[in-house]
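Dumped model-v2.cif below, it's mmCIF, C-alpha atoms:
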data_data
loop_
_atom_site.group_PDB
_atom_site.id
_atom_site.type_symbol
_atom_site.label_atom_id
_atom_site.label_comp_id
_atom_site.auth_asym_id
_atom_site.auth_seq_id
_atom_site.Cartn_x
_atom_site.Cartn_y
_atom_site.Cartn_z
ATOM 1 C CA MET C 7 0.000 0.000 0.000
ATOM 2 C CA THR C 8 1.347 3.392 -0.989
ATOM 3 C CA ASP C 9 0.956 5.884 1.856
ATOM 4 C CA LEU C 10 -1.248 8.952 1.582
ATOM 5 C CA THR C 11 1.505 11.449 0.765
ATOM 6 C CA GLU C 12 3.006 9.188 -1.883
ATOM 7 C CA THR C 13 -0.435 8.705 -3.426
ATOM 8 C CA ARG C 14 -0.742 12.412 -4.138
ATOM 9 C CA ALA C 15 2.514 12.232 -6.104
ATOM 10 C CA ARG C 16 0.978 9.583 -8.388
ATOM 11 C CA ILE C 17 -1.471 12.125 -9.806
ATOM 12 C CA PRO C 18 -0.023 13.968 -12.834
ATOM 13 C CA LEU C 19 0.233 17.752 -12.779
ATOM 14 C CA GLU C 20 0.527 18.321 -16.528
ATOM 15 C CA LYS C 21 -1.122 15.404 -18.348
ATOM 16 C CA PRO C 22 -4.933 15.272 -18.166
ATOM 17 C CA TRP C 23 -6.218 11.744 -17.763
ATOM 18 C CA PRO C 24 -9.048 10.624 -20.059
ATOM 19 C CA LEU C 25 -12.468 9.904 -18.642
ATOM 20 C CA PRO C 26 -13.575 6.256 -18.603
ATOM 21 C CA SER C 27 -16.760 7.397 -20.398
ATOM 22 C CA PRO C 28 -15.406 10.087 -22.715
ATOM 23 C CA ASN C 29 -18.619 10.967 -24.572
ATOM 24 C CA GLY C 30 -21.727 12.763 -23.378
ATOM 25 C CA PRO C 31 -25.423 12.024 -23.931
ATOM 26 C CA GLU C 32 -25.310 13.162 -27.572
ATOM 27 C CA GLY C 33 -22.223 11.113 -28.405
ATOM 28 C CA LYS C 34 -19.899 14.132 -28.436
ATOM 29 C CA PRO C 35 -16.746 14.416 -26.292
ATOM 30 C CA ARG C 36 -17.545 15.497 -22.757
ATOM 31 C CA ARG C 37 -16.402 18.943 -21.736
ATOM 32 C CA VAL C 38 -15.680 20.664 -18.453
ATOM 33 C CA GLY C 39 -16.297 24.239 -17.406
ATOM 34 C CA VAL C 40 -13.752 25.812 -15.062
ATOM 35 C CA GLU C 41 -14.244 28.546 -12.445
ATOM 36 C CA ILE C 42 -11.134 30.055 -10.849
ATOM 37 C CA GLU C 43 -11.111 32.541 -7.978
ATOM 38 C CA LEU C 44 -8.128 34.826 -7.343
ATOM 39 C CA ALA C 45 -6.953 38.042 -5.720
ATOM 40 C CA GLY C 46 -4.274 40.588 -6.581
ATOM 41 C CA LEU C 47 -5.653 41.678 -9.976
ATOM 42 C CA THR C 48 -8.637 43.773 -11.026
ATOM 43 C CA GLU C 49 -11.291 42.409 -13.322
ATOM 44 C CA ALA C 50 -9.944 44.515 -16.196
ATOM 45 C CA GLN C 51 -6.383 43.292 -15.660
ATOM 46 C CA THR C 52 -7.585 39.707 -15.504
ATOM 47 C CA ALA C 53 -9.656 40.050 -18.663
ATOM 48 C CA GLY C 54 -6.675 41.578 -20.445
ATOM 49 C CA LEU C 55 -4.522 38.597 -19.545
ATOM 50 C CA VAL C 56 -7.212 36.181 -20.759
ATOM 51 C CA GLN C 57 -7.355 38.100 -24.023
ATOM 52 C CA ALA C 58 -3.559 38.070 -24.373
ATOM 53 C CA ALA C 59 -3.440 34.300 -23.826
ATOM 54 C CA TRP C 60 -6.494 33.148 -25.791
ATOM 55 C CA GLY C 61 -7.419 36.057 -28.055
ATOM 56 C CA GLY C 62 -10.854 37.563 -28.483
ATOM 57 C CA GLU C 63 -12.399 40.885 -27.571
ATOM 58 C CA VAL C 64 -13.017 42.291 -24.096
ATOM 59 C CA ARG C 65 -16.578 43.474 -23.620
ATOM 60 C CA THR C 66 -17.419 45.487 -20.512
ATOM 61 C CA GLN C 67 -20.879 45.397 -18.954
ATOM 62 C CA THR C 68 -19.665 47.167 -15.805
ATOM 63 C CA ASP C 69 -16.257 47.648 -14.217
ATOM 64 C CA HIS C 70 -16.934 44.443 -12.303
ATOM 65 C CA ASP C 71 -18.465 42.291 -15.043
ATOM 66 C CA LEU C 72 -16.548 41.649 -18.256
ATOM 67 C CA THR C 73 -16.546 38.976 -20.962
ATOM 68 C CA VAL C 74 -13.760 38.015 -23.323
ATOM 69 C CA THR C 75 -15.611 36.881 -26.452
ATOM 70 C CA GLY C 76 -14.467 35.056 -29.559
ATOM 71 C CA GLY C 77 -11.234 33.645 -28.156
ATOM 72 C CA ALA C 78 -9.611 30.301 -28.877
ATOM 73 C CA HIS C 79 -11.494 28.582 -26.020
ATOM 74 C CA GLY C 80 -14.877 30.245 -26.210
ATOM 75 C CA ASP C 81 -16.295 33.090 -24.175
ATOM 76 C CA VAL C 82 -14.735 33.704 -20.760
ATOM 77 C CA GLY C 83 -16.456 35.676 -18.012
ATOM 78 C CA VAL C 84 -14.465 37.768 -15.535
ATOM 79 C CA GLU C 85 -16.445 39.063 -12.595
ATOM 80 C CA LEU C 86 -16.515 39.993 -8.918
ATOM 81 C CA ASP C 87 -18.892 38.869 -6.158
ATOM 82 C CA ILE C 88 -22.193 37.877 -7.752
ATOM 83 C CA VAL C 89 -24.501 39.267 -5.027
ATOM 84 C CA LEU C 90 -23.144 42.797 -5.168
ATOM 85 C CA ARG C 91 -22.411 42.569 -8.888
ATOM 86 C CA ASP C 92 -26.139 42.260 -9.601
ATOM 87 C CA LYS C 93 -26.460 45.835 -8.291
ATOM 88 C CA ALA C 94 -23.471 47.193 -10.195
ATOM 89 C CA GLY C 95 -24.001 50.592 -11.741
ATOM 90 C CA ASN C 96 -25.267 51.946 -8.435
ATOM 91 C CA VAL C 97 -22.640 54.266 -6.946
ATOM 92 C CA ILE C 98 -22.869 52.744 -3.449
ATOM 93 C CA ALA C 99 -22.752 49.178 -4.770
ATOM 94 C CA ASP C 100 -19.741 49.975 -6.946
ATOM 95 C CA LYS C 101 -17.912 51.430 -3.924
ATOM 96 C CA LEU C 102 -18.727 48.339 -1.881
ATOM 97 C CA LEU C 103 -17.334 46.174 -4.647
ATOM 98 C CA ASP C 104 -14.134 48.216 -4.773
ATOM 99 C CA TRP C 105 -13.705 48.058 -0.989
ATOM 100 C CA SER C 106 -14.376 44.314 -0.902
ATOM 101 C CA ARG C 107 -11.313 43.306 -2.896
ATOM 102 C CA ALA C 108 -9.413 42.207 0.204
ATOM 103 C CA VAL C 109 -11.806 39.296 0.753
ATOM 104 C CA VAL C 110 -13.962 38.940 -2.380
ATOM 105 C CA PRO C 111 -12.241 37.220 -5.289
ATOM 106 C CA VAL C 112 -12.193 37.971 -8.951
ATOM 107 C CA GLU C 113 -13.624 34.947 -10.714
ATOM 108 C CA ILE C 114 -12.826 33.574 -14.155
ATOM 109 C CA VAL C 115 -15.563 31.424 -15.702
ATOM 110 C CA THR C 116 -14.633 29.545 -18.855
ATOM 111 C CA ALA C 117 -16.816 28.076 -21.543
ATOM 112 C CA PRO C 118 -16.980 24.252 -21.512
ATOM 113 C CA LEU C 119 -13.522 22.970 -22.501
ATOM 114 C CA LEU C 120 -12.177 19.672 -23.697
ATOM 115 C CA PRO C 121 -10.141 17.983 -20.934
ATOM 116 C CA ALA C 122 -7.005 18.347 -23.075
ATOM 117 C CA ASP C 123 -7.509 22.130 -22.961
ATOM 118 C CA LEU C 124 -6.938 22.165 -19.199
ATOM 119 C CA ALA C 125 -3.232 22.425 -19.936
ATOM 120 C CA GLN C 126 -4.027 25.803 -21.518
ATOM 121 C CA VAL C 127 -5.862 26.777 -18.329
ATOM 122 C CA ASP C 128 -2.680 26.089 -16.378
ATOM 123 C CA ARG C 129 -0.669 28.229 -18.799
ATOM 124 C CA LEU C 130 -3.178 31.035 -18.265
ATOM 125 C CA ILE C 131 -2.855 30.586 -14.494
ATOM 126 C CA GLY C 132 0.908 30.919 -14.898
ATOM 127 C CA ASP C 133 0.434 34.213 -16.756
ATOM 128 C CA LEU C 134 -1.908 35.451 -14.040
ATOM 129 C CA VAL C 135 0.577 34.594 -11.278
ATOM 130 C CA VAL C 136 3.421 36.388 -13.082
ATOM 131 C CA ALA C 137 1.177 39.457 -13.297
ATOM 132 C CA GLY C 138 0.472 39.384 -9.558
ATOM 133 C CA ALA C 139 -2.491 37.053 -9.072
ATOM 134 C CA GLU C 140 -2.736 35.458 -5.642
ATOM 135 C CA GLY C 141 -4.266 32.120 -4.708
ATOM 136 C CA SER C 142 -5.878 30.767 -1.577
ATOM 137 C CA GLN C 143 -2.488 30.036 0.010
ATOM 138 C CA ASP C 144 -1.444 33.685 -0.164
ATOM 139 C CA GLY C 145 -3.785 35.170 2.451
ATOM 140 C CA LEU C 146 -5.319 34.049 5.727
ATOM 141 C CA PHE C 147 -8.791 35.199 4.679
ATOM 142 C CA TYR C 148 -8.542 34.090 1.048
ATOM 143 C CA GLY C 149 -11.351 31.558 1.017
ATOM 144 C CA PHE C 150 -10.941 31.116 -2.733
ATOM 145 C CA GLY C 151 -11.670 27.964 -4.672
ATOM 146 C CA MET C 152 -11.682 26.404 -8.095
ATOM 147 C CA HIS C 153 -14.750 24.660 -9.458
ATOM 148 C CA LEU C 154 -14.836 22.027 -12.175
ATOM 149 C CA ASN C 155 -18.073 21.280 -13.978
ATOM 150 C CA PRO C 156 -17.644 17.999 -15.887
ATOM 151 C CA GLU C 157 -20.493 17.219 -18.247
ATOM 152 C CA VAL C 158 -22.311 14.019 -17.308
ATOM 153 C CA ALA C 159 -21.863 10.967 -19.503
ATOM 154 C CA GLY C 160 -25.613 10.392 -19.442
ATOM 155 C CA THR C 161 -28.693 11.518 -17.576
ATOM 156 C CA ASP C 162 -30.091 8.177 -16.474
ATOM 157 C CA THR C 163 -29.608 6.314 -13.220
ATOM 158 C CA THR C 164 -26.967 3.904 -14.518
ATOM 159 C CA GLU C 165 -24.660 6.781 -15.458
ATOM 160 C CA ILE C 166 -25.169 9.103 -12.492
ATOM 161 C CA LEU C 167 -25.628 6.946 -9.393
ATOM 162 C CA PRO C 168 -22.270 5.119 -9.601
ATOM 163 C CA VAL C 169 -20.432 8.453 -9.815
ATOM 164 C CA VAL C 170 -22.375 9.859 -6.864
ATOM 165 C CA ARG C 171 -21.757 6.727 -4.784
ATOM 166 C CA ALA C 172 -18.051 6.699 -5.671
ATOM 167 C CA TYR C 173 -17.630 10.324 -4.658
ATOM 168 C CA GLY C 174 -19.410 9.827 -1.338
ATOM 169 C CA LEU C 175 -17.227 6.845 -0.476
ATOM 170 C CA MET C 176 -14.005 8.555 -1.641
ATOM 171 C CA GLU C 177 -14.478 12.107 -0.355
ATOM 172 C CA ASP C 178 -12.639 11.658 2.954
ATOM 173 C CA TRP C 179 -9.782 9.917 1.139
ATOM 174 C CA LEU C 180 -9.534 12.694 -1.469
ATOM 175 C CA ARG C 181 -9.201 15.174 1.382
ATOM 176 C CA ALA C 182 -6.681 13.011 3.227
ATOM 177 C CA ILE C 183 -4.272 12.666 0.300
ATOM 178 C CA ASP C 184 -4.270 16.457 -0.171
ATOM 179 C CA PRO C 185 -5.358 18.106 3.100
ATOM 180 C CA ILE C 186 -7.163 21.428 3.081
ATOM 181 C CA ASP C 187 -5.278 24.358 4.586
ATOM 182 C CA PRO C 188 -6.295 24.615 8.279
ATOM 183 C CA SER C 189 -7.454 28.220 7.854
ATOM 184 C CA ARG C 190 -10.028 27.070 5.275
ATOM 185 C CA ARG C 191 -11.395 24.126 7.235
ATOM 186 C CA LEU C 192 -13.470 26.565 9.285
ATOM 187 C CA LEU C 193 -15.262 27.929 6.228
ATOM 188 C CA PRO C 194 -18.735 26.487 5.550
ATOM 189 C CA PHE C 195 -18.201 25.555 1.920
ATOM 190 C CA VAL C 196 -15.593 22.909 2.741
ATOM 191 C CA ASN C 197 -17.906 20.654 4.749
ATOM 192 C CA PRO C 198 -18.051 17.038 3.520
ATOM 193 C CA TRP C 199 -21.247 15.192 2.767
ATOM 194 C CA PRO C 200 -22.932 14.038 5.991
ATOM 195 C CA ASP C 201 -22.358 10.453 7.066
ATOM 196 C CA GLY C 202 -26.095 9.789 6.825
ATOM 197 C CA LEU C 203 -26.066 10.418 3.081
ATOM 198 C CA VAL C 204 -23.042 8.178 2.576
ATOM 199 C CA ASP C 205 -24.758 5.514 4.698
ATOM 200 C CA LEU C 206 -27.722 5.487 2.324
ATOM 201 C CA LEU C 207 -25.514 5.480 -0.767
ATOM 202 C CA ALA C 208 -23.545 2.519 0.620
ATOM 203 C CA THR C 209 -26.520 0.466 1.792
ATOM 204 C CA GLU C 210 -29.215 1.083 -0.809
ATOM 205 C CA GLY C 211 -27.815 3.489 -3.384
ATOM 206 C CA ASP C 212 -27.160 0.729 -5.907
ATOM 207 C CA ALA C 213 -30.946 0.239 -6.170
ATOM 208 C CA TRP C 214 -31.881 3.944 -6.287
ATOM 209 C CA ASP C 215 -33.254 5.930 -9.170
ATOM 210 C CA ILE C 216 -32.809 9.676 -9.708
ATOM 211 C CA ASP C 217 -35.912 10.484 -7.649
ATOM 212 C CA ASP C 218 -34.536 8.529 -4.677
ATOM 213 C CA LEU C 219 -31.278 10.438 -4.926
ATOM 214 C CA LEU C 220 -33.102 13.757 -5.159
ATOM 215 C CA ARG C 221 -35.189 13.121 -2.043
ATOM 216 C CA ALA C 222 -32.237 11.939 0.038
ATOM 217 C CA TYR C 223 -29.977 14.764 -1.086
ATOM 218 C CA ALA C 224 -32.599 17.491 -0.567
ATOM 219 C CA TYR C 225 -33.407 16.196 2.916
ATOM 220 C CA LEU C 226 -29.893 15.465 4.193
ATOM 221 C CA THR C 227 -27.819 18.206 2.605
ATOM 222 C CA PRO C 228 -30.036 21.051 1.315
ATOM 223 C CA THR C 229 -27.117 23.370 0.555
ATOM 224 C CA ARG C 230 -24.717 24.196 -2.243
ATOM 225 C CA ASN C 231 -21.807 24.354 0.197
ATOM 226 C CA ARG C 232 -20.417 20.889 -0.455
ATOM 227 C CA GLY C 233 -17.373 19.561 -2.254
ATOM 228 C CA LEU C 234 -19.714 18.016 -4.805
ATOM 229 C CA ASP C 235 -22.827 20.143 -5.199
ATOM 230 C CA LEU C 236 -25.500 18.027 -6.901
ATOM 231 C CA LEU C 237 -28.200 20.698 -6.898
ATOM 232 C CA PRO C 238 -27.499 22.036 -10.431
ATOM 233 C CA LEU C 239 -27.629 18.505 -11.850
ATOM 234 C CA LEU C 240 -30.772 17.569 -9.908
ATOM 235 C CA GLU C 241 -32.407 20.834 -10.946
ATOM 236 C CA HIS C 242 -31.619 20.007 -14.563
ATOM 237 C CA LEU C 243 -33.070 16.508 -14.238
ATOM 238 C CA ARG C 244 -36.091 17.157 -11.997
ATOM 239 C CA PRO C 245 -36.723 20.932 -11.762
ATOM 240 C CA ALA C 246 -40.270 20.786 -10.406
ATOM 241 C CA ALA C 247 -39.575 18.054 -7.856
ATOM 242 C CA LEU C 248 -36.474 19.815 -6.535
ATOM 243 C CA SER C 249 -38.097 23.239 -6.289
ATOM 244 C CA ALA C 250 -40.861 21.680 -4.207
ATOM 245 C CA LEU C 251 -38.301 20.485 -1.650
ATOM 246 C CA MET C 252 -35.699 23.268 -1.639
ATOM 247 C CA ASP C 253 -35.549 26.942 -0.734
ATOM 248 C CA ALA C 254 -35.582 29.032 -3.882
ATOM 249 C CA ASP C 255 -32.299 30.759 -2.987
ATOM 250 C CA MET C 256 -30.519 27.406 -3.255
ATOM 251 C CA LEU C 257 -31.515 27.020 -6.913
ATOM 252 C CA ASN C 258 -30.057 29.233 -9.625
ATOM 253 C CA GLY C 259 -30.287 27.144 -12.781
ATOM 254 C CA GLY C 260 -29.878 23.504 -13.687
ATOM 255 C CA ARG C 261 -27.195 22.079 -15.919
ATOM 256 C CA PRO C 262 -26.096 18.549 -16.873
ATOM 257 C CA THR C 263 -22.805 18.692 -14.985
ATOM 258 C CA TYR C 264 -21.244 17.596 -11.710
ATOM 259 C CA HIS C 265 -20.483 20.804 -9.782
ATOM 260 C CA TYR C 266 -17.165 19.812 -8.172
ATOM 261 C CA ARG C 267 -16.307 22.657 -5.787
ATOM 262 C CA LEU C 268 -12.671 22.516 -4.730
ATOM 263 C CA PRO C 269 -12.131 24.595 -1.591
ATOM 264 C CA GLU C 270 -8.726 25.923 -2.625
ATOM 265 C CA ALA C 271 -7.265 27.572 -5.711
ATOM 266 C CA ARG C 272 -3.539 27.392 -5.000
ATOM 267 C CA LEU C 273 -2.429 29.466 -7.965
ATOM 268 C CA GLY C 274 1.322 29.182 -8.495
ATOM 269 C CA ALA C 275 1.874 26.780 -5.588
ATOM 270 C CA PRO C 276 4.241 23.843 -6.205
ATOM 271 C CA GLY C 277 2.464 20.537 -6.736
ATOM 272 C CA TRP C 278 -0.862 22.071 -7.759
ATOM 273 C CA SER C 279 -2.541 22.639 -11.125
ATOM 274 C CA ALA C 280 -5.926 22.550 -12.803
ATOM 275 C CA VAL C 281 -4.846 19.336 -14.529
ATOM 276 C CA TYR C 282 -4.010 17.793 -11.160
ATOM 277 C CA GLU C 283 -7.452 18.606 -9.785
ATOM 278 C CA TRP C 284 -9.094 17.243 -12.938
ATOM 279 C CA ASN C 285 -7.195 13.991 -12.557
ATOM 280 C CA ARG C 286 -8.467 13.651 -8.991
ATOM 281 C CA TRP C 287 -11.997 13.834 -10.385
ATOM 282 C CA VAL C 288 -11.135 11.232 -13.018
ATOM 283 C CA LEU C 289 -10.196 8.847 -10.182
ATOM 284 C CA VAL C 290 -13.776 9.158 -8.909
ATOM 285 C CA GLU C 291 -15.184 8.257 -12.303
ATOM 286 C CA ARG C 292 -12.745 5.369 -12.693
ATOM 287 C CA VAL C 293 -13.934 3.867 -9.425
ATOM 288 C CA ALA C 294 -17.533 4.436 -10.526
ATOM 289 C CA ALA C 295 -16.808 2.543 -13.741
ATOM 290 C CA ASP C 296 -15.632 -0.549 -11.813
ATOM 291 C CA PRO C 297 -18.756 -2.153 -10.258
ATOM 292 C CA ASP C 298 -16.796 -4.681 -8.207
ATOM 293 C CA LEU C 299 -14.478 -2.049 -6.751
ATOM 294 C CA LEU C 300 -17.400 0.252 -5.980
ATOM 295 C CA ALA C 301 -19.334 -2.570 -4.287
ATOM 296 C CA HIS C 302 -16.266 -3.447 -2.214
ATOM 297 C CA LEU C 303 -15.907 0.152 -1.007
ATOM 298 C CA ALA C 304 -19.589 0.194 -0.050
ATOM 299 C CA GLU C 305 -19.130 -3.023 1.922
ATOM 300 C CA LEU C 306 -16.103 -1.562 3.673
ATOM 301 C CA TRP C 307 -18.076 1.565 4.576
ATOM 302 C CA ARG C 308 -20.836 -0.503 6.139
ATOM 303 C CA ASP C 309 -18.256 -2.384 8.183
ATOM 304 C CA HIS C 310 -16.596 0.900 9.149
ATOM 305 C CA ARG C 311 -19.903 2.350 10.357
ATOM 306 C CA ASP C 312 -20.706 -0.790 12.336
ATOM 307 C CA SER C 313 -17.434 -0.462 14.216
ATOM 308 C CA LEU C 314 -17.563 1.297 17.574
ATOM 309 C CA THR C 315 -14.008 2.604 17.369
ATOM 310 C CA ASP C 316 -13.333 3.624 13.736
ATOM 311 C CA THR C 317 -12.933 7.344 12.945
ATOM 312 C CA ARG C 318 -13.140 9.242 9.667
ATOM 313 C CA GLY C 319 -9.340 9.078 9.573
ATOM 314 C CA ASP C 320 -9.515 5.299 9.840
ATOM 315 C CA TRP C 321 -11.907 5.278 6.893
ATOM 316 C CA SER C 322 -9.404 7.177 4.734
ATOM 317 C CA LEU C 323 -6.797 4.522 5.490
ATOM 318 C CA ARG C 324 -9.227 1.758 4.545
ATOM 319 C CA VAL C 325 -9.889 3.466 1.232
ATOM 320 C CA GLN C 326 -6.164 3.942 0.725
ATOM 321 C CA ALA C 327 -5.514 0.240 1.277
ATOM 322 C CA THR C 328 -8.142 -0.564 -1.356
ATOM 323 C CA LEU C 329 -7.422 2.062 -3.987
ATOM 324 C CA GLY C 330 -3.636 2.188 -3.671
ATOM 325 C CA PRO C 331 -3.138 -1.099 -5.577
ATOM 326 C CA ALA C 332 -6.308 -0.773 -7.732
ATOM 327 C CA ALA C 333 -6.143 -0.439 -11.505
ATOM 328 C CA ILE C 334 -7.206 3.221 -11.564
ATOM 329 C CA TRP C 335 -3.858 4.949 -11.916
ATOM 330 C CA SER C 336 -3.167 5.110 -15.646
#

Structure re-expressed in structure tokens:
Amino acid sequence: MTDLTETRARIPLEKPWPLPSPNGPEGKPRRVGVEIELAGLTEAQTAGLVQAAWGGEVRTQTDHDLTVTGGAHGDVGVELDIVLRDKAGNVIADKLLDWSRAVVPVEIVTAPLLPADLAQVDRLIGDLVVAGAEGSQDGLFYGFGMHLNPEVAGTDTTEILPVVRAYGLMEDWLRAIDPIDPSRRLLPFVNPWPDGLVDLLATEGDAWDIDDLLRAYAYLTPTRNRGLDLLPLLEHLRPAALSALMDADMLNGGRPTYHYRLPEARLGAPGWSAVYEWNRWVLVERVAADPDLLAHLAELWRDHRDSLTDTRGDWSLRVQATLGPAAIWS
């Protein structure tokens, strides 16, 4: 068994791994949208660097909401905090936005990209860092993250439930092999899925349909502040059913993607890249694509929960012992 720190080193930083199911519902290659939060640059500076790297034209809606259109990788949004940004154009709101830069990040939102294009995202990140961009590791109150939005391979139960179950069973292990900075563990958006949800996924999730998943998720974790936020996907699949169970402020548009919300964006830090984070997601889908491995993890979880002495740290080691030698690493 490779130990946890050595396992992290097995994940490539520069070569994106392919997905086990590379095509989406329409038979076209699956894509992934990327959201990157940063400090140290204004929206205009950031948009200029996107334009310099990928081409296109910068279009300004307000000082805090810009789009780089027509570039090599589609339209790219560059914006500040979305709540205040909705009021931009008001003098007071604009001042609040300007004053908030110490804690509110600039966010880059890409169009859906091919996984191979994530290497270009890392080159853009390099340009941003050279120009003065700061990541989550550069400030105590920088609660910045990076989000990946991989398109689903299909919208039926057989495609979605294995991925959801794999993530629930692997989440503690993913955190253990690359621990979150202690200053960010206190922030609400880094909370893992509750044990009760993982219990259900491990004991009966293999027999669920999408409606079962929706009811359990809405009841046990009715928030977007999770490492894997399923609300956009569930809203896409069952908009009426979800809106009947959820507060309206939790729903802001469905889409056929997994909203993978990484709690840190360590721009420029050694051993970190967008490709690296993508490859960690690919490990989830590789486990999901192996029914025997997934069933074994579920069995181990049930045994773990039946134990009176096991901790969440013990569970990570059990997963490590199982996945370390598994055929998911190339």

> Expressed in Å to a single decimal, how great is the separation between CA of Ala246 (chain C) and CA of Ala117 (chain C)?
Replying inline: 27.0 Å

Take every atom of region 272-282 of chain C listed in the file, pad by 8 Å on each side, and give me the axis-aligned box centre and edge lengths in Å, one decimal, as JSON.
{"center_x": -0.8, "center_y": 23.6, "center_z": -9.8, "size_x": 26.2, "size_y": 27.7, "size_z": 25.5}

>> Suppose a student applies the PyMOL selection byres ((chain C and resi 17-24) around 9) to this structure; what residues should they get, written as an MDAnalysis selection string?
In response: chainID C and resid 13:16 25:28 121:125 128 277:286 288 335:336

Selection under test: the PyMOL selection byres ((chain C and resi 71) around 7); residues as a PDB file with C-alpha atoms, keeping the file's coordinate frame:
ATOM      1  CA  THR C  66     -17.419  45.487 -20.512  1.00  0.00           C
ATOM      2  CA  GLN C  67     -20.879  45.397 -18.954  1.00  0.00           C
ATOM      3  CA  THR C  68     -19.665  47.167 -15.805  1.00  0.00           C
ATOM      4  CA  ASP C  69     -16.257  47.648 -14.217  1.00  0.00           C
ATOM      5  CA  HIS C  70     -16.934  44.443 -12.303  1.00  0.00           C
ATOM      6  CA  LEU C  72     -16.548  41.649 -18.256  1.00  0.00           C
ATOM      7  CA  VAL C  84     -14.465  37.768 -15.535  1.00  0.00           C
ATOM      8  CA  GLU C  85     -16.445  39.063 -12.595  1.00  0.00           C
ATOM      9  CA  LEU C  86     -16.515  39.993  -8.918  1.00  0.00           C
TER      10      LEU C  86
END

Residues matched by the PyMOL selection byres ((chain C and resi 43-55) around 10), written as a JSON list (two decimals) with C-alpha atoms, in the coordinates of the input:
[["chain", "number", "residue", "atom", "x", "y", "z"],
["C", 41, "GLU", "CA", -14.24, 28.55, -12.44],
["C", 42, "ILE", "CA", -11.13, 30.06, -10.85],
["C", 56, "VAL", "CA", -7.21, 36.18, -20.76],
["C", 57, "GLN", "CA", -7.36, 38.10, -24.02],
["C", 58, "ALA", "CA", -3.56, 38.07, -24.37],
["C", 59, "ALA", "CA", -3.44, 34.30, -23.83],
["C", 60, "TRP", "CA", -6.49, 33.15, -25.79],
["C", 61, "GLY", "CA", -7.42, 36.06, -28.06],
["C", 62, "GLY", "CA", -10.85, 37.56, -28.48],
["C", 63, "GLU", "CA", -12.40, 40.88, -27.57],
["C", 64, "VAL", "CA", -13.02, 42.29, -24.10],
["C", 65, "ARG", "CA", -16.58, 43.47, -23.62],
["C", 66, "THR", "CA", -17.42, 45.49, -20.51],
["C", 68, "THR", "CA", -19.66, 47.17, -15.80],
["C", 69, "ASP", "CA", -16.26, 47.65, -14.22],
["C", 70, "HIS", "CA", -16.93, 44.44, -12.30],
["C", 71, "ASP", "CA", -18.46, 42.29, -15.04],
["C", 72, "LEU", "CA", -16.55, 41.65, -18.26],
["C", 73, "THR", "CA", -16.55, 38.98, -20.96],
["C", 74, "VAL", "CA", -13.76, 38.02, -23.32],
["C", 82, "VAL", "CA", -14.74, 33.70, -20.76],
["C", 83, "GLY", "CA", -16.46, 35.68, -18.01],
["C", 84, "VAL", "CA", -14.46, 37.77, -15.54],
["C", 85, "GLU", "CA", -16.44, 39.06, -12.60],
["C", 86, "LEU", "CA", -16.52, 39.99, -8.92],
["C", 104, "ASP", "CA", -14.13, 48.22, -4.77],
["C", 107, "ARG", "CA", -11.31, 43.31, -2.90],
["C", 108, "ALA", "CA", -9.41, 42.21, 0.20],
["C", 109, "VAL", "CA", -11.81, 39.30, 0.75],
["C", 110, "VAL", "CA", -13.96, 38.94, -2.38],
["C", 111, "PRO", "CA", -12.24, 37.22, -5.29],
["C", 112, "VAL", "CA", -12.19, 37.97, -8.95],
["C", 113, "GLU", "CA", -13.62, 34.95, -10.71],
["C", 114, "ILE", "CA", -12.83, 33.57, -14.16],
["C", 115, "VAL", "CA", -15.56, 31.42, -15.70],
["C", 130, "LEU", "CA", -3.18, 31.04, -18.26],
["C", 131, "ILE", "CA", -2.86, 30.59, -14.49],
["C", 133, "ASP", "CA", 0.43, 34.21, -16.76],
["C", 134, "LEU", "CA", -1.91, 35.45, -14.04],
["C", 135, "VAL", "CA", 0.58, 34.59, -11.28],
["C", 137, "ALA", "CA", 1.18, 39.46, -13.30],
["C", 138, "GLY", "CA", 0.47, 39.38, -9.56],
["C", 139, "ALA", "CA", -2.49, 37.05, -9.07],
["C", 140, "GLU", "CA", -2.74, 35.46, -5.64],
["C", 141, "GLY", "CA", -4.27, 32.12, -4.71],
["C", 142, "SER", "CA", -5.88, 30.77, -1.58],
["C", 144, "ASP", "CA", -1.44, 33.68, -0.16],
["C", 145, "GLY", "CA", -3.78, 35.17, 2.45],
["C", 148, "TYR", "CA", -8.54, 34.09, 1.05],
["C", 149, "GLY", "CA", -11.35, 31.56, 1.02],
["C", 150, "PHE", "CA", -10.94, 31.12, -2.73],
["C", 151, "GLY", "CA", -11.67, 27.96, -4.67],
["C", 152, "MET", "CA", -11.68, 26.40, -8.10],
["C", 153, "HIS", "CA", -14.75, 24.66, -9.46],
["C", 270, "GLU", "CA", -8.73, 25.92, -2.62],
["C", 271, "ALA", "CA", -7.26, 27.57, -5.71],
["C", 272, "ARG", "CA", -3.54, 27.39, -5.00],
["C", 273, "LEU", "CA", -2.43, 29.47, -7.96]]

>> If I take CA of Leu299 (chain C) and CA of Ala333 (chain C), how far is one from the other in Å, to one decimal?
In response: 9.7 Å

>> So, with only C-alpha atoms as the atoms that count, which of C:Glu305, C:Asp178, C:Asp162, C:Glu12 lies closest to Glu210 (chain C)?
In response: C:Glu305

>> So, with only C-alpha atoms as the atoms that count, which of C:Ala295, C:Ala301, C:Ala182, C:Ala254 lies closest to Asp320 (chain C)?
In response: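 For Asp320 (chain C), the nearest of the given residues is C:Ala182.
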
> Taking into account all atoms listed in the file, which residue in the set C:Met176, C:Leu243, C:Leu206, C:Met256 is nearest to Thr163 (chain C)?
Replying inline: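 Of C:Met176, C:Leu243, C:Leu206, C:Met256, the one nearest Thr163 (chain C) is C:Leu243, counting all atoms listed in the file.
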
>> I need the residue nearest Pro297 (chain C) from this list: C:Gly274, C:Pro245, C:Pro168, C:Gly211. Use all atoms listed in the file for the distance.
In response: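 Looking only at the distances to Pro297 (chain C), the closest residue turns out to be C:Pro168.
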